Every structure is written in structure tokens, then in C-alpha cells.
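File shown here: start-v3.cif, holding mmCIF, N, CA and C atoms and all ligand atoms.
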```
data_query
#
loop_
_atom_site.label_atom_id
_atom_site.label_comp_id
_atom_site.auth_asym_id
_atom_site.auth_seq_id
_atom_site.Cartn_x
_atom_site.Cartn_y
_atom_site.Cartn_z
N MET A 12 43.37 110.22 115.98
CA MET A 12 44.45 110.84 115.20
C MET A 12 45.23 111.83 116.07
N LYS A 13 44.47 112.70 116.75
CA LYS A 13 45.12 113.69 117.60
C LYS A 13 45.93 113.02 118.72
N LYS A 14 45.31 111.96 119.24
CA LYS A 14 45.96 111.23 120.34
C LYS A 14 47.32 110.70 119.91
N LYS A 15 47.36 110.22 118.67
CA LYS A 15 48.60 109.65 118.15
C LYS A 15 49.70 110.72 118.08
N ILE A 16 49.29 111.91 117.65
CA ILE A 16 50.26 113.00 117.53
C ILE A 16 50.80 113.37 118.92
N ILE A 17 49.88 113.47 119.87
CA ILE A 17 50.31 113.81 121.23
C ILE A 17 51.26 112.74 121.77
N LEU A 18 50.87 111.50 121.54
CA LEU A 18 51.68 110.39 122.04
C LEU A 18 53.08 110.41 121.44
N SER A 19 53.14 110.64 120.13
CA SER A 19 54.48 110.63 119.53
C SER A 19 55.28 111.86 119.92
N SER A 20 54.59 112.97 120.21
CA SER A 20 55.30 114.14 120.71
C SER A 20 55.95 113.84 122.05
N ILE A 21 55.19 113.18 122.90
CA ILE A 21 55.72 112.83 124.21
C ILE A 21 56.92 111.89 124.06
N MET A 22 56.77 110.93 123.17
CA MET A 22 57.87 110.00 122.92
C MET A 22 59.10 110.76 122.44
N PHE A 23 58.85 111.71 121.56
CA PHE A 23 59.96 112.47 120.98
C PHE A 23 60.67 113.29 122.06
N ILE A 24 59.88 113.95 122.89
CA ILE A 24 60.47 114.77 123.96
C ILE A 24 61.29 113.89 124.89
N PHE A 25 60.73 112.74 125.20
CA PHE A 25 61.42 111.82 126.10
C PHE A 25 62.77 111.40 125.50
N LEU A 26 62.72 111.04 124.24
CA LEU A 26 63.93 110.60 123.54
C LEU A 26 64.97 111.73 123.50
N PHE A 27 64.48 112.89 123.19
CA PHE A 27 65.33 114.07 123.08
C PHE A 27 66.05 114.34 124.41
N CYS A 28 65.27 114.28 125.49
CA CYS A 28 65.83 114.54 126.82
C CYS A 28 66.90 113.51 127.18
N SER A 29 66.63 112.24 126.85
CA SER A 29 67.61 111.23 127.25
C SER A 29 68.89 111.38 126.44
N ILE A 30 68.78 111.84 125.19
CA ILE A 30 69.99 112.06 124.39
C ILE A 30 70.80 113.20 125.01
N ILE A 31 70.12 114.29 125.35
CA ILE A 31 70.82 115.43 125.97
C ILE A 31 71.47 115.00 127.28
N TYR A 32 70.69 114.27 128.07
CA TYR A 32 71.21 113.84 129.36
C TYR A 32 72.43 112.96 129.17
N GLY A 33 72.35 112.03 128.23
CA GLY A 33 73.47 111.13 127.96
C GLY A 33 74.70 111.90 127.53
N ALA A 34 74.51 112.84 126.63
CA ALA A 34 75.65 113.62 126.14
C ALA A 34 76.28 114.42 127.27
N GLU A 35 75.44 114.94 128.13
CA GLU A 35 75.92 115.74 129.26
C GLU A 35 76.77 114.88 130.19
N THR A 36 76.33 113.65 130.43
CA THR A 36 77.07 112.75 131.32
C THR A 36 78.43 112.43 130.73
N VAL A 37 78.45 112.12 129.46
CA VAL A 37 79.71 111.80 128.79
C VAL A 37 80.64 113.00 128.85
N LYS A 38 80.08 114.18 128.64
CA LYS A 38 80.87 115.40 128.62
C LYS A 38 81.52 115.63 130.00
N ASN A 39 80.73 115.46 131.05
CA ASN A 39 81.25 115.66 132.40
C ASN A 39 82.38 114.69 132.71
N LYS A 40 82.18 113.45 132.30
CA LYS A 40 83.21 112.44 132.52
C LYS A 40 84.49 112.85 131.80
N LYS A 41 84.31 113.32 130.57
CA LYS A 41 85.44 113.67 129.75
C LYS A 41 86.21 114.83 130.37
N ASP A 42 85.48 115.83 130.88
CA ASP A 42 86.12 117.00 131.45
C ASP A 42 87.16 116.64 132.51
N SER A 43 86.77 115.75 133.41
CA SER A 43 87.68 115.44 134.50
C SER A 43 88.86 114.60 134.01
N LEU A 44 88.64 113.85 132.93
CA LEU A 44 89.71 113.00 132.43
C LEU A 44 90.70 113.79 131.57
N ASP A 45 90.22 114.85 130.96
CA ASP A 45 91.02 115.52 129.96
C ASP A 45 91.88 116.67 130.48
N ALA A 46 91.95 116.84 131.79
CA ALA A 46 92.69 117.97 132.34
C ALA A 46 94.13 117.97 131.83
N LYS A 47 94.72 116.78 131.78
CA LYS A 47 96.10 116.68 131.32
C LYS A 47 96.22 117.13 129.87
N GLU A 48 95.26 116.66 129.06
CA GLU A 48 95.25 117.01 127.65
C GLU A 48 95.07 118.52 127.46
N VAL A 49 94.13 119.08 128.22
CA VAL A 49 93.86 120.53 128.14
C VAL A 49 95.13 121.29 128.52
N PHE A 50 95.74 120.86 129.61
CA PHE A 50 96.97 121.51 130.07
C PHE A 50 98.05 121.45 128.98
N GLU A 51 98.26 120.26 128.43
CA GLU A 51 99.33 120.10 127.43
C GLU A 51 99.07 120.94 126.18
N LYS A 52 97.79 121.05 125.82
CA LYS A 52 97.46 121.80 124.62
C LYS A 52 97.56 123.31 124.87
N LYS A 53 96.95 123.77 125.96
CA LYS A 53 96.85 125.22 126.19
C LYS A 53 98.14 125.82 126.73
N CYS A 54 98.83 125.08 127.55
CA CYS A 54 99.97 125.68 128.25
C CYS A 54 101.26 125.52 127.48
N SER A 55 101.18 124.91 126.30
CA SER A 55 102.40 124.82 125.49
C SER A 55 102.33 125.80 124.33
N ALA A 56 101.29 126.62 124.32
CA ALA A 56 101.09 127.55 123.20
C ALA A 56 102.19 128.61 123.17
N CYS A 57 102.63 129.08 124.32
CA CYS A 57 103.60 130.18 124.35
C CYS A 57 104.98 129.77 124.84
N HIS A 58 105.02 128.74 125.62
CA HIS A 58 106.33 128.29 126.12
C HIS A 58 106.32 126.78 126.28
N ASN A 59 107.48 126.25 126.49
CA ASN A 59 107.64 124.82 126.68
C ASN A 59 106.89 124.36 127.94
N LEU A 60 106.40 123.14 127.92
CA LEU A 60 105.71 122.63 129.10
C LEU A 60 106.66 122.50 130.29
N ASN A 61 107.97 122.40 130.00
CA ASN A 61 108.98 122.32 131.06
C ASN A 61 108.84 123.44 132.08
N ARG A 62 108.45 124.58 131.56
CA ARG A 62 108.34 125.75 132.43
C ARG A 62 107.37 125.44 133.57
N THR A 63 106.40 124.62 133.27
CA THR A 63 105.41 124.25 134.28
C THR A 63 105.84 123.00 135.03
N THR A 64 106.26 121.98 134.28
CA THR A 64 106.49 120.68 134.90
C THR A 64 107.77 120.64 135.74
N SER A 65 108.62 121.66 135.59
CA SER A 65 109.83 121.67 136.41
C SER A 65 109.61 122.44 137.71
N THR A 66 108.39 122.91 137.91
CA THR A 66 108.09 123.71 139.10
C THR A 66 107.14 122.96 140.02
N GLN A 67 107.23 123.26 141.29
CA GLN A 67 106.23 122.76 142.23
C GLN A 67 105.65 123.94 142.95
N LYS A 68 104.33 123.97 143.05
CA LYS A 68 103.65 125.07 143.72
C LYS A 68 102.52 124.52 144.57
N THR A 69 102.11 125.31 145.54
CA THR A 69 100.92 124.95 146.32
C THR A 69 99.69 125.21 145.45
N PRO A 70 98.53 124.61 145.78
CA PRO A 70 97.32 124.86 144.98
C PRO A 70 97.04 126.35 144.79
N ASP A 71 97.25 127.15 145.84
CA ASP A 71 97.02 128.59 145.72
C ASP A 71 97.96 129.24 144.72
N GLU A 72 99.22 128.82 144.77
CA GLU A 72 100.20 129.37 143.84
C GLU A 72 99.88 128.96 142.40
N TRP A 73 99.44 127.70 142.24
CA TRP A 73 99.07 127.25 140.89
C TRP A 73 97.90 128.06 140.37
N LYS A 74 96.96 128.30 141.27
CA LYS A 74 95.79 129.07 140.87
C LYS A 74 96.22 130.45 140.37
N THR A 75 97.09 131.08 141.13
CA THR A 75 97.57 132.41 140.75
C THR A 75 98.27 132.35 139.40
N THR A 76 99.15 131.35 139.23
CA THR A 76 99.89 131.24 137.97
C THR A 76 98.96 130.99 136.80
N VAL A 77 98.05 130.00 136.94
CA VAL A 77 97.17 129.65 135.83
C VAL A 77 96.30 130.83 135.44
N TRP A 78 95.76 131.55 136.43
CA TRP A 78 94.89 132.68 136.10
C TRP A 78 95.70 133.85 135.54
N ARG A 79 96.97 133.92 135.92
CA ARG A 79 97.85 134.94 135.34
C ARG A 79 98.09 134.61 133.87
N MET A 80 98.34 133.33 133.57
CA MET A 80 98.54 132.90 132.18
C MET A 80 97.28 133.11 131.38
N LYS A 81 96.16 132.78 132.02
CA LYS A 81 94.86 132.91 131.35
C LYS A 81 94.60 134.35 130.93
N SER A 82 95.08 135.29 131.75
CA SER A 82 94.80 136.70 131.46
C SER A 82 95.75 137.29 130.43
N LYS A 83 96.73 136.51 130.00
CA LYS A 83 97.67 137.01 128.99
C LYS A 83 96.94 137.13 127.65
N LYS A 84 97.46 138.00 126.84
CA LYS A 84 96.85 138.22 125.53
C LYS A 84 96.91 136.94 124.70
N ASN A 85 95.78 136.62 124.05
CA ASN A 85 95.68 135.45 123.17
C ASN A 85 95.89 134.11 123.88
N ALA A 86 95.71 134.08 125.17
CA ALA A 86 95.91 132.82 125.89
C ALA A 86 94.82 131.82 125.51
N ASN A 87 93.60 132.31 125.30
CA ASN A 87 92.53 131.44 124.82
C ASN A 87 92.22 130.29 125.78
N ILE A 88 92.18 130.59 127.06
CA ILE A 88 91.88 129.58 128.07
C ILE A 88 90.56 129.97 128.75
N THR A 89 89.60 129.06 128.81
CA THR A 89 88.31 129.38 129.42
C THR A 89 88.39 129.20 130.94
N ASP A 90 87.37 129.72 131.63
CA ASP A 90 87.31 129.56 133.10
C ASP A 90 87.36 128.09 133.49
N GLU A 91 86.57 127.27 132.78
CA GLU A 91 86.52 125.84 133.11
C GLU A 91 87.88 125.19 132.92
N GLU A 92 88.53 125.55 131.83
CA GLU A 92 89.84 124.97 131.55
C GLU A 92 90.85 125.40 132.61
N ALA A 93 90.79 126.67 132.99
CA ALA A 93 91.72 127.17 134.01
C ALA A 93 91.52 126.40 135.31
N GLU A 94 90.26 126.13 135.65
CA GLU A 94 90.00 125.40 136.88
C GLU A 94 90.50 123.96 136.80
N ALA A 95 90.25 123.32 135.65
CA ALA A 95 90.69 121.93 135.47
C ALA A 95 92.22 121.87 135.51
N ILE A 96 92.87 122.83 134.88
CA ILE A 96 94.33 122.84 134.85
C ILE A 96 94.89 123.08 136.25
N THR A 97 94.30 124.02 136.97
CA THR A 97 94.74 124.30 138.34
C THR A 97 94.67 123.04 139.19
N ASP A 98 93.54 122.34 139.06
CA ASP A 98 93.33 121.09 139.80
C ASP A 98 94.39 120.06 139.46
N TYR A 99 94.59 119.90 138.16
CA TYR A 99 95.54 118.90 137.67
C TYR A 99 96.95 119.22 138.15
N LEU A 100 97.35 120.48 138.02
CA LEU A 100 98.71 120.87 138.40
C LEU A 100 98.92 120.75 139.92
N SER A 101 97.90 121.10 140.68
CA SER A 101 98.02 121.01 142.14
C SER A 101 98.24 119.57 142.57
N LYS A 102 97.57 118.66 141.87
CA LYS A 102 97.71 117.24 142.22
C LYS A 102 99.02 116.67 141.71
N THR A 103 99.41 117.08 140.50
CA THR A 103 100.55 116.45 139.85
C THR A 103 101.87 117.15 140.18
N TYR A 104 101.82 118.48 140.28
CA TYR A 104 103.05 119.22 140.56
C TYR A 104 102.88 120.06 141.82
N GLY A 105 102.25 119.46 142.81
CA GLY A 105 102.02 120.16 144.07
C GLY A 105 103.29 120.20 144.89
N LYS A 106 103.41 121.24 145.69
CA LYS A 106 104.56 121.38 146.58
C LYS A 106 104.38 120.39 147.73
N LYS A 107 105.41 119.66 148.02
CA LYS A 107 105.31 118.75 149.15
C LYS A 107 105.70 119.51 150.41
N ARG A 108 104.80 119.46 151.37
CA ARG A 108 105.07 120.22 152.58
C ARG A 108 105.16 119.33 153.81
C1 LIG A 201 99.59 133.61 125.99
C2 LIG A 201 100.85 132.93 126.20
C3 LIG A 201 100.96 131.99 127.40
C4 LIG A 201 100.14 130.93 127.69
C5 LIG A 201 98.95 130.42 126.90
C6 LIG A 201 100.66 130.35 128.91
N1 LIG A 201 101.75 131.03 129.32
FE1 LIG A 201 102.89 130.60 130.95
N2 LIG A 201 104.10 132.18 130.57
C7 LIG A 201 103.95 133.04 129.49
C8 LIG A 201 105.01 134.06 129.54
C9 LIG A 201 105.20 135.18 128.53
C10 LIG A 201 105.78 133.76 130.70
C11 LIG A 201 107.02 134.51 131.23
C12 LIG A 201 106.61 135.83 131.86
C13 LIG A 201 105.77 135.67 133.08
O1 LIG A 201 106.15 134.94 134.02
O2 LIG A 201 104.68 136.28 133.12
C14 LIG A 201 105.19 132.58 131.31
C15 LIG A 201 105.67 131.97 132.46
C16 LIG A 201 105.15 130.84 133.04
C17 LIG A 201 105.67 130.21 134.25
C18 LIG A 201 106.88 130.64 135.06
C19 LIG A 201 106.55 131.81 135.95
C20 LIG A 201 105.79 131.41 137.19
O3 LIG A 201 104.85 132.15 137.56
O4 LIG A 201 106.08 130.36 137.81
C21 LIG A 201 104.86 129.15 134.51
C22 LIG A 201 104.97 128.16 135.65
C23 LIG A 201 103.85 129.12 133.47
N3 LIG A 201 104.05 130.15 132.59
C24 LIG A 201 102.83 128.19 133.41
C25 LIG A 201 101.80 128.20 132.48
C26 LIG A 201 100.65 127.34 132.52
C27 LIG A 201 100.37 126.31 133.60
C28 LIG A 201 99.87 127.64 131.43
C29 LIG A 201 98.51 127.05 131.06
C30 LIG A 201 97.45 127.35 131.96
C31 LIG A 201 100.54 128.71 130.70
N4 LIG A 201 101.71 129.02 131.37
C32 LIG A 201 100.08 129.26 129.52
C33 LIG A 201 103.01 132.98 128.50
C34 LIG A 201 101.98 132.05 128.44
#
```
So that I can check it, write out the structure of this file as C-alpha cells.
Amino acid sequence: MKKKIILSSIMFIFLFCSIIYGAETVKNKKDSLDAKEVFEKKCSACHNLNRTTSTQKTPDEWKTTVWRMKSKKNANITDEEAEAITDYLSKTYGKKR
């Protein structure tokens, strides 16, 4: 009887871990894909997206701008989002040198 309980506990833990692991993998995949979505949602809260998409900046300049926006009152942008947005903007609206 005891053995059965131990065995099913192990099974349960195993199942639990694989669910967490699976969710984590999906989440990571989603993060890198959703940078555009995050940008469009967060950066249109206070001004038109044109303000961003009509500009070209170097990755460093984008970083400065995004973190400046992030620090504005009620910007509601997390560190992860700021990084994803910086990455996305540097690739999509990077300054050609
Ligand atoms: C809380 C409101 C708010 C949010 C959210 C916001 N901005 Fe802004 N943004 C402003 C204001 C106000 C200005 C004009 C004053 C200034 O430049 O600080 C501005 C100006 C800008 C400019 C022009 C000035 C420059 O430095 O080139 C860019 C580009 C810009 N924002 C990009 C973004 C991006 C990218 C995001 C998303 C990460 C974002 N903004 C999110 C308020 C916001």
C-alpha cells in the first residue's frame, strides 16, 4: 500500500515537472516572437507608433530611448519587455551605417 503511494507520488512529480517545463518552453518561444506585439501595444499608449517607426537609431540609441520611455510615469513596461522592444527596434529600425 505504502509502495503504491510512493510510486504515484513520483509519477505525479514527474508529470508536474514536465508540464512546467513544457509551459516554460512555450513561453520562451512566445517571448521572442511577440516583440512586435509588445512594442505595438506598449509604445502606442502615449503617442502614435509613427513617432518610433519614422526614426532610425543605433542599438545604443534605441536602448536609451526605450529605457527613457520605460521610466516615464505610468509607462507600465517591464525590464523584459524593454529588452525585447530594444532588440526588435534595433533590428527593424536600426540606423544604417
Ligand atoms: C508613458 C507614456 C509613454 C510611453 C508608454 C512611451 N512613450 Fe515615447 N514618448 C512619450 C513622450 C511624452 C514623448 C515626448 C517627450 C520626450 O521625448 O520625452 C515621447 C517621445 C518618443 C520618441 C521621440 C523622442 C526620441 O527620443 O527619439 C520616441 C522615438 C519614442 N517616444 C518611442 C517610444 C517607444 C519605442 C516606446 C515603447 C517602449 C514609447 N515611446 C513608449 C511618452 C511615452
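Closest to Arg62 (chain A) among A:Met22, A:Asn85, A:Lys13, A:Thr76 is A:Thr76, based on only C-alpha atoms.
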Just give me the gap between atom N of Ser65 (chain A) and atom C16 of ligand LIG 201 (chain A) in Å, one decimal is fine.
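A separation of 10.1 Å between them.
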Region 83-90 of chain A: axis-aligned bounding box, 6 Å on each side, centre and edge lengths in Å, one decimal, as JSON:
```
{"center_x": 92.5, "center_y": 133.2, "center_z": 128.3, "size_x": 22.4, "size_y": 22.1, "size_z": 22.3}
```
DSSP-assigned helix (DSSP H, G or I) among chain A, expressed as a PyMOL selection string
chain A and resi 13-44+46-53+61-64+70-81+90-103
Could you check how far atom N1 of ligand LIG 201 (chain A) sits from CA of Cys57 (chain A), in Å to one decimal?
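Going from atom N1 of ligand LIG 201 (chain A) over to CA of Cys57 (chain A), I get 5.4 Å.
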Taking into account only C-alpha atoms, which residue in the set A:Lys107, A:Thr63, A:Asp98, A:Ser55 is nearest to Ala86 (chain A)?
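Nearest to Ala86 (chain A): A:Ser55.
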Ranking A:Leu18, A:Ala46, A:Arg79, A:Asp71 by minimum distance to Tyr99 (chain A) and counting only N, CA and C atoms, which one comes first?
A:Ala46
